[in-house]
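*Asks:* Following this line is run-v6.txt, made up of compact mmCIF, C-alpha atoms and all ligand atoms:
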```txt
# COMPACT_ATOMS: atom_id res chain seq x y z
CA MET A 6 0.00 0.00 0.00
CA TRP A 7 1.47 3.33 -0.99
CA ASP A 8 1.95 5.31 2.23
CA ARG A 9 1.94 9.08 2.18
CA LEU A 10 2.51 11.96 4.62
CA TRP A 11 1.14 15.39 3.74
CA LEU A 12 2.75 18.42 5.43
CA ASN A 13 1.66 22.06 5.50
CA ALA A 14 -2.01 21.19 5.11
CA ASN A 15 -5.11 23.17 6.11
CA LEU A 16 -7.22 20.30 7.49
CA ALA A 17 -11.03 20.41 7.75
CA THR A 18 -11.43 17.17 9.67
CA MET A 19 -15.27 17.32 10.11
CA ALA A 20 -14.52 15.32 13.28
CA ASP A 21 -16.07 17.71 15.84
CA ALA A 22 -19.73 17.69 16.93
CA GLU A 23 -20.25 20.73 14.70
CA GLY A 24 -18.28 23.02 12.42
CA TYR A 25 -15.25 22.12 10.30
CA GLY A 26 -12.87 20.65 12.92
CA LEU A 27 -10.10 22.83 11.46
CA ILE A 28 -6.39 22.09 12.04
CA ALA A 29 -4.26 24.83 10.49
CA ASN A 30 -0.65 23.96 9.57
CA GLY A 31 -1.59 20.34 9.94
CA ALA A 32 -0.10 17.03 8.86
CA ILE A 33 -1.85 13.79 7.95
CA ALA A 34 -0.25 10.39 7.34
CA CYS A 35 -1.96 7.55 5.49
CA LYS A 36 -0.66 3.99 5.80
CA GLY A 37 -2.29 0.82 4.49
CA GLY A 38 -5.29 2.81 3.27
CA ARG A 39 -6.04 4.17 6.75
CA ILE A 40 -5.29 7.45 8.53
CA ALA A 41 -2.21 6.64 10.63
CA TRP A 42 -1.62 10.09 12.11
CA ILE A 43 -3.32 13.50 12.01
CA GLY A 44 -2.71 16.71 13.94
CA PRO A 45 -0.74 19.96 14.07
CA GLN A 46 2.49 19.49 12.15
CA ALA A 47 4.44 20.79 15.14
CA ALA A 48 3.18 17.76 17.10
CA LEU A 49 4.53 15.14 14.64
CA PRO A 50 6.20 12.46 16.79
CA ASP A 51 9.31 12.23 14.62
CA ALA A 52 11.06 14.42 12.10
CA PRO A 53 9.24 13.89 8.80
CA ASP A 54 12.32 12.78 6.87
CA SER A 55 12.84 9.95 9.35
CA LEU A 56 9.42 8.50 8.58
CA ALA A 57 8.92 5.78 5.99
CA PHE A 58 6.45 7.77 3.94
CA ASP A 59 6.24 9.44 0.58
CA ILE A 60 6.26 13.05 1.83
CA VAL A 61 4.16 15.68 0.04
CA ASP A 62 3.99 19.42 0.76
CA ALA A 63 0.27 20.31 0.55
CA GLY A 64 1.30 23.93 0.05
CA GLY A 65 -1.26 25.17 2.55
CA ARG A 66 -4.11 23.65 0.53
CA LEU A 67 -7.42 22.75 2.14
CA MET A 68 -7.84 19.00 2.75
CA THR A 69 -11.23 17.48 3.60
CA PRO A 70 -12.66 13.99 3.80
CA GLY A 71 -13.54 12.72 0.34
CA LEU A 72 -17.09 13.90 -0.42
CA ILE A 73 -19.95 11.40 -0.06
CA ASP A 74 -22.94 11.61 -2.45
CA CYS A 75 -25.39 9.60 -0.30
CA HIS A 76 -28.49 9.63 -2.56
CA THR A 77 -28.29 9.03 -6.33
CA HIS A 78 -30.13 7.21 -9.11
CA LEU A 79 -26.95 7.31 -11.19
CA VAL A 80 -27.78 4.23 -13.32
CA PHE A 81 -30.62 4.71 -15.80
CA GLY A 82 -31.50 4.49 -19.48
CA GLY A 83 -32.59 7.34 -21.73
CA ASN A 84 -33.43 10.82 -20.46
CA ARG A 85 -36.53 12.92 -19.76
CA ALA A 86 -35.73 16.22 -21.49
CA GLY A 87 -39.17 16.06 -23.14
CA GLU A 88 -40.84 16.05 -19.73
CA PHE A 89 -38.66 18.98 -18.75
CA GLU A 90 -40.29 20.91 -21.58
CA MET A 91 -43.76 19.71 -20.47
CA ARG A 92 -43.16 20.90 -16.91
CA LEU A 93 -41.96 24.28 -18.18
CA GLU A 94 -45.23 24.48 -20.11
CA GLY A 95 -47.15 23.93 -16.88
CA ALA A 96 -47.58 20.16 -16.42
CA SER A 97 -46.87 18.97 -12.87
CA TYR A 98 -44.57 16.08 -11.90
CA GLU A 99 -47.62 14.19 -10.62
CA GLU A 100 -49.66 14.83 -13.79
CA ILE A 101 -46.84 13.48 -15.96
CA ALA A 102 -46.45 10.43 -13.70
CA ARG A 103 -50.21 9.69 -13.71
CA ALA A 104 -50.17 9.96 -17.52
CA GLY A 105 -47.63 7.11 -17.67
CA GLY A 106 -44.53 9.25 -17.92
CA GLY A 107 -42.07 9.98 -15.14
CA ILE A 108 -40.39 7.04 -13.50
CA ILE A 109 -42.18 4.55 -15.76
CA SER A 110 -40.80 6.09 -18.93
CA THR A 111 -37.28 5.65 -17.51
CA VAL A 112 -38.21 2.08 -16.50
CA LYS A 113 -39.04 1.29 -20.14
CA ALA A 114 -35.75 2.81 -21.35
CA THR A 115 -33.73 1.03 -18.66
CA ARG A 116 -35.32 -2.36 -19.33
CA GLN A 117 -34.46 -2.01 -23.04
CA ALA A 118 -30.85 -0.89 -22.45
CA ASP A 119 -28.01 -3.44 -22.35
CA GLU A 120 -25.91 -3.59 -19.19
CA GLU A 121 -22.95 -2.19 -21.15
CA VAL A 122 -24.97 0.83 -22.32
CA LEU A 123 -26.14 1.53 -18.76
CA TYR A 124 -22.56 1.16 -17.52
CA GLU A 125 -21.14 3.63 -20.06
CA SER A 126 -23.70 6.37 -19.37
CA ALA A 127 -23.45 5.94 -15.60
CA SER A 128 -19.66 5.88 -15.81
CA ALA A 129 -19.66 9.31 -17.48
CA ARG A 130 -21.87 10.69 -14.69
CA LEU A 131 -19.63 9.08 -12.07
CA LYS A 132 -16.57 10.81 -13.55
CA ASN A 133 -18.40 14.15 -13.16
CA VAL A 134 -19.02 13.69 -9.45
CA GLN A 135 -15.51 12.35 -8.89
CA ALA A 136 -14.12 15.48 -10.55
CA GLU A 137 -15.67 17.41 -7.64
CA GLY A 138 -14.08 15.32 -4.90
CA VAL A 139 -16.55 12.43 -4.39
CA THR A 140 -14.92 9.22 -3.10
CA THR A 141 -18.13 7.45 -1.94
CA ILE A 142 -21.44 7.35 -3.82
CA GLU A 143 -24.75 5.64 -3.13
CA ILE A 144 -26.41 4.21 -6.24
CA LYS A 145 -30.02 3.01 -6.21
CA SER A 146 -31.83 0.53 -8.42
CA GLY A 147 -35.50 1.32 -9.07
CA TYR A 148 -35.75 1.71 -12.83
CA GLY A 149 -35.93 -2.02 -13.50
CA LEU A 150 -38.94 -3.12 -11.37
CA ASP A 151 -38.44 -6.76 -12.31
CA ILE A 152 -35.76 -9.11 -10.98
CA ALA A 153 -33.60 -9.26 -14.10
CA SER A 154 -33.63 -5.48 -14.68
CA GLU A 155 -33.04 -4.59 -11.01
CA VAL A 156 -30.11 -7.04 -10.96
CA LYS A 157 -28.80 -5.47 -14.18
CA MET A 158 -28.80 -2.03 -12.54
CA LEU A 159 -27.14 -3.21 -9.33
CA ARG A 160 -24.49 -5.12 -11.28
CA VAL A 161 -23.65 -1.89 -13.11
CA ALA A 162 -23.22 -0.19 -9.72
CA GLN A 163 -20.99 -3.07 -8.59
CA SER A 164 -18.88 -2.81 -11.77
CA LEU A 165 -18.44 0.94 -11.32
CA GLU A 166 -16.92 0.29 -7.88
CA ARG A 167 -14.66 -2.41 -9.33
CA ASP A 168 -13.38 -0.12 -12.08
CA ASN A 169 -13.01 3.22 -10.27
CA PRO A 170 -11.36 4.71 -7.13
CA VAL A 171 -14.73 5.04 -5.39
CA ARG A 172 -16.81 3.24 -2.76
CA VAL A 173 -20.32 2.40 -3.98
CA GLN A 174 -23.26 1.72 -1.65
CA LYS A 175 -25.89 -0.31 -3.54
CA THR A 176 -29.49 0.46 -2.52
CA PHE A 177 -32.44 -1.64 -3.66
CA LEU A 178 -35.37 0.60 -4.71
CA GLY A 179 -37.75 -1.99 -6.13
CA ALA A 180 -40.58 -0.06 -4.45
CA HIS A 181 -39.97 3.03 -6.59
CA ALA A 182 -43.16 2.78 -8.69
CA VAL A 183 -45.76 0.21 -9.84
CA PRO A 184 -44.57 -1.22 -13.19
CA PRO A 185 -46.94 -1.35 -16.19
CA GLU A 186 -47.57 -5.10 -15.87
CA TYR A 187 -48.97 -4.49 -12.37
CA ALA A 188 -50.91 -1.29 -13.21
CA GLY A 189 -53.69 -0.79 -10.63
CA ARG A 190 -52.33 -3.69 -8.50
CA ALA A 191 -49.85 -1.97 -6.17
CA ASP A 192 -50.30 -4.52 -3.38
CA ASP A 193 -49.70 -7.43 -5.74
CA TYR A 194 -46.53 -5.77 -7.00
CA LEU A 195 -45.37 -5.11 -3.45
CA ASP A 196 -45.96 -8.81 -2.66
CA HIS A 197 -43.69 -9.61 -5.61
CA VAL A 198 -41.05 -7.17 -4.33
CA ILE A 199 -41.18 -8.61 -0.80
CA ASP A 200 -41.60 -12.32 -1.56
CA ASP A 201 -39.50 -12.64 -4.72
CA MET A 202 -37.29 -9.68 -5.68
CA LEU A 203 -35.83 -8.70 -2.29
CA PRO A 204 -34.75 -12.19 -1.12
CA ALA A 205 -33.44 -13.22 -4.52
CA ILE A 206 -31.36 -10.08 -5.09
CA ALA A 207 -30.16 -9.95 -1.47
CA ALA A 208 -28.94 -13.53 -1.85
CA MET A 209 -26.74 -12.33 -4.74
CA GLY A 210 -25.01 -9.90 -2.36
CA LEU A 211 -26.19 -6.94 -4.44
CA ILE A 212 -28.05 -5.00 -1.70
CA ASP A 213 -26.47 -2.84 1.03
CA ALA A 214 -29.74 -1.08 1.99
CA VAL A 215 -33.41 -0.94 1.01
CA ASP A 216 -35.22 2.27 -0.05
CA ALA A 217 -38.76 3.05 -1.23
CA PHE A 218 -40.85 5.95 -2.51
CA CYS A 219 -43.59 6.91 -0.05
CA GLU A 220 -45.95 9.23 -1.95
CA ASN A 221 -49.49 9.41 -3.31
CA ILE A 222 -48.15 8.49 -6.77
CA ALA A 223 -46.19 5.55 -5.35
CA PHE A 224 -46.70 3.59 -2.11
CA SER A 225 -48.28 4.37 1.28
CA ALA A 226 -46.54 4.19 4.65
CA VAL A 227 -48.78 1.24 5.58
CA GLN A 228 -47.83 -0.66 2.42
CA LEU A 229 -44.13 0.03 2.96
CA THR A 230 -44.18 -1.15 6.58
CA ARG A 231 -44.30 -4.72 5.19
CA LEU A 232 -41.30 -4.06 2.98
CA PHE A 233 -39.28 -2.60 5.85
CA ASP A 234 -40.14 -5.56 8.10
CA ALA A 235 -38.92 -7.89 5.32
CA ALA A 236 -35.70 -5.89 4.93
CA HIS A 237 -35.00 -6.09 8.67
CA ALA A 238 -35.68 -9.83 8.61
CA LEU A 239 -32.83 -10.07 6.07
CA GLY A 240 -30.60 -7.88 8.23
CA LEU A 241 -30.73 -4.99 5.76
CA PRO A 242 -30.93 -1.31 6.82
CA VAL A 243 -33.67 0.89 5.38
CA LYS A 244 -34.10 4.46 4.15
CA LEU A 245 -37.03 6.26 2.53
CA HIS A 246 -37.98 8.88 -0.04
CA ALA A 247 -40.40 10.71 2.25
CA GLU A 248 -42.55 13.87 2.30
CA GLN A 249 -41.28 15.05 -1.09
CA LEU A 250 -44.63 16.15 -2.56
CA SER A 251 -46.99 15.71 0.41
CA ASP A 252 -47.09 14.46 4.02
CA CYS A 253 -47.80 10.73 3.75
CA GLY A 254 -46.46 9.83 7.22
CA GLY A 255 -43.43 8.18 5.63
CA SER A 256 -40.87 9.79 7.92
CA ARG A 257 -42.75 8.63 11.02
CA MET A 258 -42.93 5.07 9.75
CA ALA A 259 -39.31 5.02 8.61
CA ALA A 260 -37.88 6.54 11.80
CA SER A 261 -39.87 4.08 13.93
CA HIS A 262 -38.21 1.34 11.83
CA GLY A 263 -34.78 2.77 12.68
CA ALA A 264 -34.21 4.05 9.15
CA LEU A 265 -30.72 5.29 8.30
CA SER A 266 -32.27 8.33 6.62
CA VAL A 267 -35.43 9.93 5.34
CA ASP A 268 -34.91 11.87 2.15
CA HIS A 269 -36.43 15.01 0.54
CA LEU A 270 -38.65 16.22 3.49
CA GLU A 271 -40.14 19.40 1.96
CA TYR A 272 -43.50 18.35 3.51
CA LEU A 273 -42.11 16.97 6.77
CA ASP A 274 -44.39 17.77 9.73
CA GLU A 275 -42.24 19.43 12.41
CA ALA A 276 -44.12 17.33 14.99
CA ASP A 277 -42.33 14.28 13.52
CA ILE A 278 -38.82 15.69 14.02
CA PRO A 279 -38.42 14.45 17.64
CA LEU A 280 -38.94 10.91 16.30
CA LEU A 281 -36.06 11.37 13.85
CA ALA A 282 -33.86 12.66 16.69
CA LYS A 283 -34.88 9.78 18.96
CA HIS A 284 -33.93 7.10 16.41
CA GLY A 285 -30.83 8.85 15.02
CA THR A 286 -32.39 8.99 11.56
CA VAL A 287 -30.55 11.38 9.23
CA ALA A 288 -32.54 14.04 7.32
CA THR A 289 -31.17 13.88 3.77
CA LEU A 290 -32.02 17.07 1.89
CA LEU A 291 -32.11 17.13 -1.90
CA PRO A 292 -32.14 20.75 -3.12
CA GLY A 293 -31.60 19.69 -6.73
CA ALA A 294 -35.07 18.11 -6.89
CA PHE A 295 -36.58 21.07 -4.99
CA TYR A 296 -35.03 23.44 -7.55
CA TYR A 297 -35.78 21.35 -10.64
CA LEU A 298 -39.43 20.74 -9.77
CA LYS A 299 -39.82 24.44 -8.90
CA GLU A 300 -41.02 23.39 -5.45
CA THR A 301 -41.87 26.27 -3.12
CA ARG A 302 -42.20 24.56 0.24
CA LEU A 303 -38.86 24.37 2.09
CA PRO A 304 -37.80 21.46 4.32
CA PRO A 305 -37.85 22.55 8.02
CA VAL A 306 -34.08 23.10 8.31
CA ALA A 307 -34.26 25.38 11.38
CA ALA A 308 -36.40 22.88 13.30
CA LEU A 309 -34.12 19.98 12.28
CA ARG A 310 -31.11 22.03 13.44
CA THR A 311 -32.75 22.85 16.79
CA ALA A 312 -33.61 19.19 17.34
CA GLY A 313 -30.04 18.13 16.57
CA VAL A 314 -31.10 15.91 13.66
CA PRO A 315 -28.06 15.34 11.39
CA MET A 316 -28.68 16.83 7.94
CA ALA A 317 -27.13 15.32 4.84
CA LEU A 318 -27.05 16.71 1.28
CA ALA A 319 -26.93 14.78 -2.00
CA THR A 320 -27.35 15.31 -5.75
CA ASP A 321 -30.31 12.86 -6.08
CA CYS A 322 -28.90 12.51 -9.61
CA ASN A 323 -31.81 11.10 -11.67
CA PRO A 324 -33.33 11.80 -15.10
CA GLY A 325 -36.64 13.20 -13.85
CA SER A 326 -36.37 15.48 -10.83
CA SER A 327 -32.64 16.16 -10.49
CA PRO A 328 -30.46 15.55 -13.56
CA ILE A 329 -27.51 17.07 -11.71
CA THR A 330 -23.98 15.68 -11.36
CA SER A 331 -22.44 18.60 -9.46
CA PRO A 332 -22.08 17.95 -5.72
CA LEU A 333 -20.50 21.39 -5.28
CA LEU A 334 -23.62 23.03 -6.77
CA ILE A 335 -25.68 21.04 -4.25
CA LEU A 336 -23.50 22.44 -1.44
CA ASN A 337 -24.28 25.93 -2.71
CA MET A 338 -28.03 25.15 -3.02
CA GLY A 339 -28.07 23.75 0.53
CA CYS A 340 -26.99 27.22 1.67
CA THR A 341 -28.72 29.54 -0.80
CA LEU A 342 -32.04 27.65 -1.10
CA PHE A 343 -32.34 25.83 2.24
CA GLY A 344 -30.56 28.21 4.62
CA MET A 345 -27.85 25.83 5.77
CA THR A 346 -24.51 27.29 6.86
CA PRO A 347 -21.45 26.39 4.74
CA ALA A 348 -20.22 24.22 7.61
CA GLU A 349 -23.59 22.41 7.80
CA ALA A 350 -23.55 21.93 4.04
CA LEU A 351 -20.05 20.40 4.05
CA ARG A 352 -21.01 18.17 7.02
CA GLY A 353 -23.98 17.17 4.87
CA MET A 354 -21.63 15.72 2.24
CA THR A 355 -19.11 14.25 4.66
CA ILE A 356 -19.83 12.98 8.18
CA ASN A 357 -23.64 13.20 8.00
CA ALA A 358 -23.71 11.58 4.56
CA ALA A 359 -21.62 8.76 6.06
CA LYS A 360 -24.25 8.42 8.81
CA ALA A 361 -27.02 8.30 6.17
CA LEU A 362 -25.23 5.26 4.68
CA GLY A 363 -24.44 3.62 8.01
CA ARG A 364 -20.73 4.02 7.22
CA GLN A 365 -19.72 6.62 9.81
CA PRO A 366 -17.28 4.27 11.59
CA ASP A 367 -15.27 4.07 8.38
CA ILE A 368 -15.59 7.30 6.37
CA GLY A 369 -16.86 10.89 6.52
CA SER A 370 -14.23 12.54 8.74
CA LEU A 371 -10.43 12.73 9.01
CA GLU A 372 -9.79 10.73 12.17
CA LEU A 373 -7.23 8.12 13.24
CA GLY A 374 -8.05 4.69 11.85
CA LYS A 375 -10.67 5.85 9.35
CA ALA A 376 -10.31 5.17 5.64
CA ALA A 377 -7.79 7.46 3.97
CA ASP A 378 -10.28 8.94 1.49
CA LEU A 379 -9.24 12.56 1.02
CA ALA A 380 -10.05 15.54 -1.19
CA ILE A 381 -7.39 18.23 -1.67
CA TRP A 382 -8.64 21.63 -2.87
CA ASN A 383 -7.28 24.67 -4.73
CA ILE A 384 -8.97 26.94 -2.21
CA ASP A 385 -8.13 28.17 1.26
CA HIS A 386 -11.31 28.27 3.33
CA PRO A 387 -13.88 25.41 3.48
CA ALA A 388 -16.73 27.91 3.03
CA GLU A 389 -15.43 28.41 -0.52
CA LEU A 390 -16.69 24.91 -1.36
CA SER A 391 -20.31 26.14 -1.21
CA TYR A 392 -19.41 29.70 -2.26
CA TRP A 393 -18.07 29.07 -5.76
CA ILE A 394 -20.32 27.77 -8.55
CA GLY A 395 -18.57 26.18 -11.51
CA ALA A 396 -15.06 26.76 -10.18
CA ASN A 397 -12.42 24.11 -10.79
CA ALA A 398 -11.90 23.72 -7.05
CA LEU A 399 -10.52 20.18 -6.79
CA HIS A 400 -6.75 19.73 -6.84
CA GLN A 401 -6.64 15.94 -6.26
CA SER A 402 -8.53 13.06 -4.69
CA TYR A 403 -6.63 10.43 -2.73
CA PHE A 404 -8.60 7.18 -2.45
CA ALA A 405 -7.33 4.55 -0.06
CA GLY A 406 -9.25 1.75 -1.74
CA ASP A 407 -7.83 2.56 -5.16
CA PRO A 408 -6.08 -0.48 -6.69
CA ALA A 409 -3.26 1.92 -7.55
CA PHE A 410 -2.70 2.25 -3.79
CA ALA A 411 -3.47 -1.34 -2.92
CA ALA A 412 -0.74 -3.73 -1.79
O1 LIG A 501 -38.44 11.08 -11.63
C1 LIG A 501 -37.69 10.12 -11.44
O2 LIG A 501 -37.18 9.41 -12.33
C2 LIG A 501 -37.32 9.75 -10.01
C3 LIG A 501 -37.25 10.94 -9.17
C4 LIG A 501 -36.86 10.61 -7.76
N1 LIG A 501 -37.39 9.40 -7.28
C5 LIG A 501 -38.23 9.63 -6.29
O3 LIG A 501 -38.82 8.77 -5.67
N2 LIG A 501 -38.30 10.94 -6.04
C6 LIG A 501 -37.52 11.60 -6.88
O4 LIG A 501 -37.34 12.80 -6.94
FE FE A 502 -34.24 10.05 -5.16
```
Could you take the file, read its structure, and then write that structure out as structure tokens?

*Replies:*
Amino acid sequence: MWDRLWLNANLATMADAEGYGLIANGAIACKGGRIAWIGPQAALPDAPDSLAFDIVDAGGRLMTPGLIDCHTHLVFGGNRAGEFEMRLEGASYEEIARAGGGIISTVKATRQADEEVLYESASARLKNVQAEGVTTIEIKSGYGLDIASEVKMLRVAQSLERDNPVRVQKTFLGAHAVPPEYAGRADDYLDHVIDDMLPAIAAMGLIDAVDAFCENIAFSAVQLTRLFDAAHALGLPVKLHAEQLSDCGGSRMAASHGALSVDHLEYLDEADIPLLAKHGTVATLLPGAFYYLKETRLPPVAALRTAGVPMALATDCNPGSSPITSPLLILNMGCTLFGMTPAEALRGMTINAAKALGRQPDIGSLELGKAADLAIWNIDHPAELSYWIGANALHQSYFAGDPAFAA
């Protein structure tokens, strides 16, 4: 394993209970893919040149944990630019979905696409997020809605992790929508998801977590309780698309099931926030979808902050509501649209995103023993990460799991 010691680094460790956890004039050593030492350079135990490391002068650059995009639909066929035009002409997301467009139109395109075609298009989108410092990404299924097509999507996600310096969390989203062959029979489809799809795909080792879409145009909280019980019976954590377009009680149901996260939350009832805090459920905010759907109702950020509920941010990259592959733009939107502070926004794509994936013990902050996934930036202050839009801010990513660094 290639071992490296950075000197003269401006470290934003994200390791404190809040804020950036800044260490100015810091040093960080990575050995065997793990953080072996971190602290003020003046406190280094031995003179740097006596250490068996490749020594690099960071030149005062900002170093953060590698960014974590904890909610994406990165793998999909086709695109929905035509619906974008329809929405700009006044059609609502729901109207398009009820007319057979929306998720179902992407399902048809994804079912028709070969695995190689899905891999190539997703690979291009992955390169975009990696170019902005992402070293971990969550990728959902949910555009297949039959066993073979869901497996095809999750195998693409698995291949992307094999072929790139990135960690991929694979989330099963079979309960994303009711497929055409089950039209009008949501409960029958959910039986198929629970009794057939989930156990079969979990047995292939292709599922790290289970997600679902709780909404009037998808599934109810009562229906999804069965799915979450089945996931827990298989030892799988759960998360939920909740309160995006209306209050369907999804967040309450998910939090009471110990969900890792509830995601979107524009219509979250503030009375439900204590339940999120009680169960340690992360509130994952998705400003790209809010912006793209021209939503006007804001998620209750101030109330989540007051209750101490960790807030994560993610691109929600998908062809319908958030065709966005810029995590740095999402940091900016978290601040400008949702009223988060720059420190909260960066925590939302580091330590709190790690919590939303159940991976906090391993990634999300620069601490002794954690994975040596780093992002090194051509900027000085961490607030610049959400300040600039379109700047070429990343200097280099260092990914401990990268085969290039492997023993
Ligand atoms: O429109 C799509 O293709 C999916 C959008 C995405 N999925 C979901 O449940 N909510 C969303 O915003
Ligand atoms: Fe989503």

*Asks:* At a cut-off of 10 Å, using all atoms listed in the file, what residues contact Leu159 (chain A)? Leave out same-chain residues fewer than 5 positions from it and give the result as a PyMOL selection string.

*Replies:* chain A and resi 80+120+144-147+149+154+164-165+174-177+206+210-212

*Asks:* With ligand FE 502 (chain A) as the partner and 12 Å as the cut-off, tabulate the residues of chain A that qualify, each row holding the nearest pair of atoms and their distance in Å to one decimal, using only C-alpha atoms and all ligand atoms, sorted by chain and rising number, as a tab-separated table.

*Replies:*
```
residue	atom	partner	partner_atom	distance
A:Asp74	CA	A:FE502	FE	11.7
A:Cys75	CA	A:FE502	FE	10.1
A:His76	CA	A:FE502	FE	6.3
A:Thr77	CA	A:FE502	FE	6.1
A:His78	CA	A:FE502	FE	6.4
A:Leu79	CA	A:FE502	FE	9.8
A:Val80	CA	A:FE502	FE	11.9
A:Ile108	CA	A:FE502	FE	10.8
A:Glu143	CA	A:FE502	FE	10.7
A:Ile144	CA	A:FE502	FE	9.8
A:Lys145	CA	A:FE502	FE	8.3
A:Ser146	CA	A:FE502	FE	10.3
A:Gly147	CA	A:FE502	FE	9.6
A:Tyr148	CA	A:FE502	FE	11.4
A:Thr176	CA	A:FE502	FE	11.0
A:Phe177	CA	A:FE502	FE	11.9
A:Leu178	CA	A:FE502	FE	9.5
A:Ala180	CA	A:FE502	FE	12.0
A:His181	CA	A:FE502	FE	9.2
A:Asp216	CA	A:FE502	FE	9.4
A:Ala217	CA	A:FE502	FE	9.2
A:Phe218	CA	A:FE502	FE	8.2
A:Cys219	CA	A:FE502	FE	11.1
A:Lys244	CA	A:FE502	FE	10.9
A:Leu245	CA	A:FE502	FE	9.0
A:His246	CA	A:FE502	FE	6.4
A:Ala247	CA	A:FE502	FE	9.7
A:Glu248	CA	A:FE502	FE	11.8
A:Gln249	CA	A:FE502	FE	9.5
A:Val267	CA	A:FE502	FE	10.6
A:Asp268	CA	A:FE502	FE	7.6
A:His269	CA	A:FE502	FE	7.9
A:Leu270	CA	A:FE502	FE	11.5
A:Thr289	CA	A:FE502	FE	10.2
A:Leu290	CA	A:FE502	FE	10.2
A:Leu291	CA	A:FE502	FE	8.1
A:Pro292	CA	A:FE502	FE	11.1
A:Gly293	CA	A:FE502	FE	10.1
A:Ala294	CA	A:FE502	FE	8.3
A:Phe295	CA	A:FE502	FE	11.3
A:Leu318	CA	A:FE502	FE	11.7
A:Ala319	CA	A:FE502	FE	9.3
A:Thr320	CA	A:FE502	FE	8.7
A:Asp321	CA	A:FE502	FE	4.9
A:Cys322	CA	A:FE502	FE	7.4
A:Asn323	CA	A:FE502	FE	7.0
A:Pro324	CA	A:FE502	FE	10.1
A:Gly325	CA	A:FE502	FE	9.5
A:Ser326	CA	A:FE502	FE	8.1
A:Ser327	CA	A:FE502	FE	8.3
A:Pro328	CA	A:FE502	FE	10.7
A:Ile329	CA	A:FE502	FE	11.7
```

*Asks:* For each of A:Thr346, A:Thr140, A:Gln117, A:Ser251, take the minimum atom-to-atom distance to ligand LIG 501 (chain A), counting all atoms listed in the file, then give the residue where this is smallest.

*Replies:*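 Counting all atoms listed in the file, the residue closest to ligand LIG 501 (chain A) is A:Ser251.
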
*Asks:* Using only C-alpha atoms and all ligand atoms, can you tell me which of A:Ala376, A:Val183, A:Ala350, A:Leu265 comes closest to ligand LIG 501 (chain A)?

*Replies:*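 Ranked by minimum distance to ligand LIG 501 (chain A), first place goes to A:Val183.
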
*Asks:* What separation in Å, quoted to one decimal, exists between CA of Leu281 (chain A) and CA of Thr311 (chain A)?

*Replies:*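 Separation of CA of Leu281 (chain A) and CA of Thr311 (chain A): 12.3 Å.
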
*Asks:* Mind giving me the straight-line distance from CA of Met91 (chain A) to CA of Gly179 (chain A) in Å, one decimal?

*Replies:*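 Between these atoms lies a distance of 26.7 Å.
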
*Asks:* From the set A:Ile60, A:Val112, A:Met258, A:Ile142, which residue has the shortest atom-to-atom contact distance to ligand LIG 501 (chain A), counting only C-alpha atoms and all ligand atoms?

*Replies:*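 Closest candidate: A:Val112.
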
*Asks:* Determine the axis-aligned bounding box of all atoms of ligand LIG 501 (chain A) present in the file, pad each side by 5 Å, and express its centre and edge lengths in Å to one decimal place as lines of an AutoDock Vina configuration file.

*Replies:*
```
center_x = -37.8
center_y = 10.8
center_z = -9.0
size_x = 12.0
size_y = 14.0
size_z = 16.7
```

*Asks:* Using all atoms listed in the file, pick whichever of A:Lys113, A:Arg167, A:Lys283, A:Arg39 has the shortest atom-to-atom distance to ligand LIG 501 (chain A).

*Replies:* A:Lys113

*Asks:* Select, from A:Ala102, A:Met338, A:Ala307, A:Val61, the residue with the minimum atom-to-atom distance to ligand LIG 501 (chain A), counting only C-alpha atoms and all ligand atoms.

*Replies:*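 Distance minimum relative to ligand LIG 501 (chain A) lands on A:Ala102.
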
*Asks:* Please list as an MDAnalysis selection string every residue within 8 Å of region 86-90 of chain A, counting all atoms listed in the file and excluding residues in the same chain fewer than 3 positions away.

*Replies:* chainID A and resid 93:94 101 106:107 325

*Asks:* Within 7 Å of (-8.5, 4.4, 3.6), all atoms listed in the file: residues as a ChimeraX atom specification?

*Replies:* /A:38-40,375-378,404-406

*Asks:* A:Glu389, A:Glu271, A:Glu186, A:Glu166: which is nearest ligand LIG 501 (chain A), counting all atoms listed in the file?

*Replies:*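 That would be A:Glu271, the residue with the smallest distance to ligand LIG 501 (chain A).
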
*Asks:* If I take CA of Tyr272 (chain A) and atom C3 of ligand LIG 501 (chain A), how far is one from the other in Å, to one decimal?

*Replies:*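 Separation of CA of Tyr272 (chain A) and atom C3 of ligand LIG 501 (chain A): 16.0 Å.
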
*Asks:* Which polymer residues, whether protein, DNA or RNA, lie within 12 Å of the coordinate (-34.2, -5.5, -18.8) when you count only C-alpha atoms? List them as a ChimeraX atom specification, using the chain letters and numbers from the file.

*Replies:* /A:81-82,111-123,147-158

*Asks:* Neighbouring residues of Asp277 (chain A) were defined as those with any atom within 10 Å, considering all atoms listed in the file; residues of the same chain fewer than 5 positions away were excluded. Please report them as a list in words.

*Replies:*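 Using all atoms listed in the file, the neighbours found are Gly254, Ser256, Arg257, Met258, Ala260 and Ala282 of chain A.
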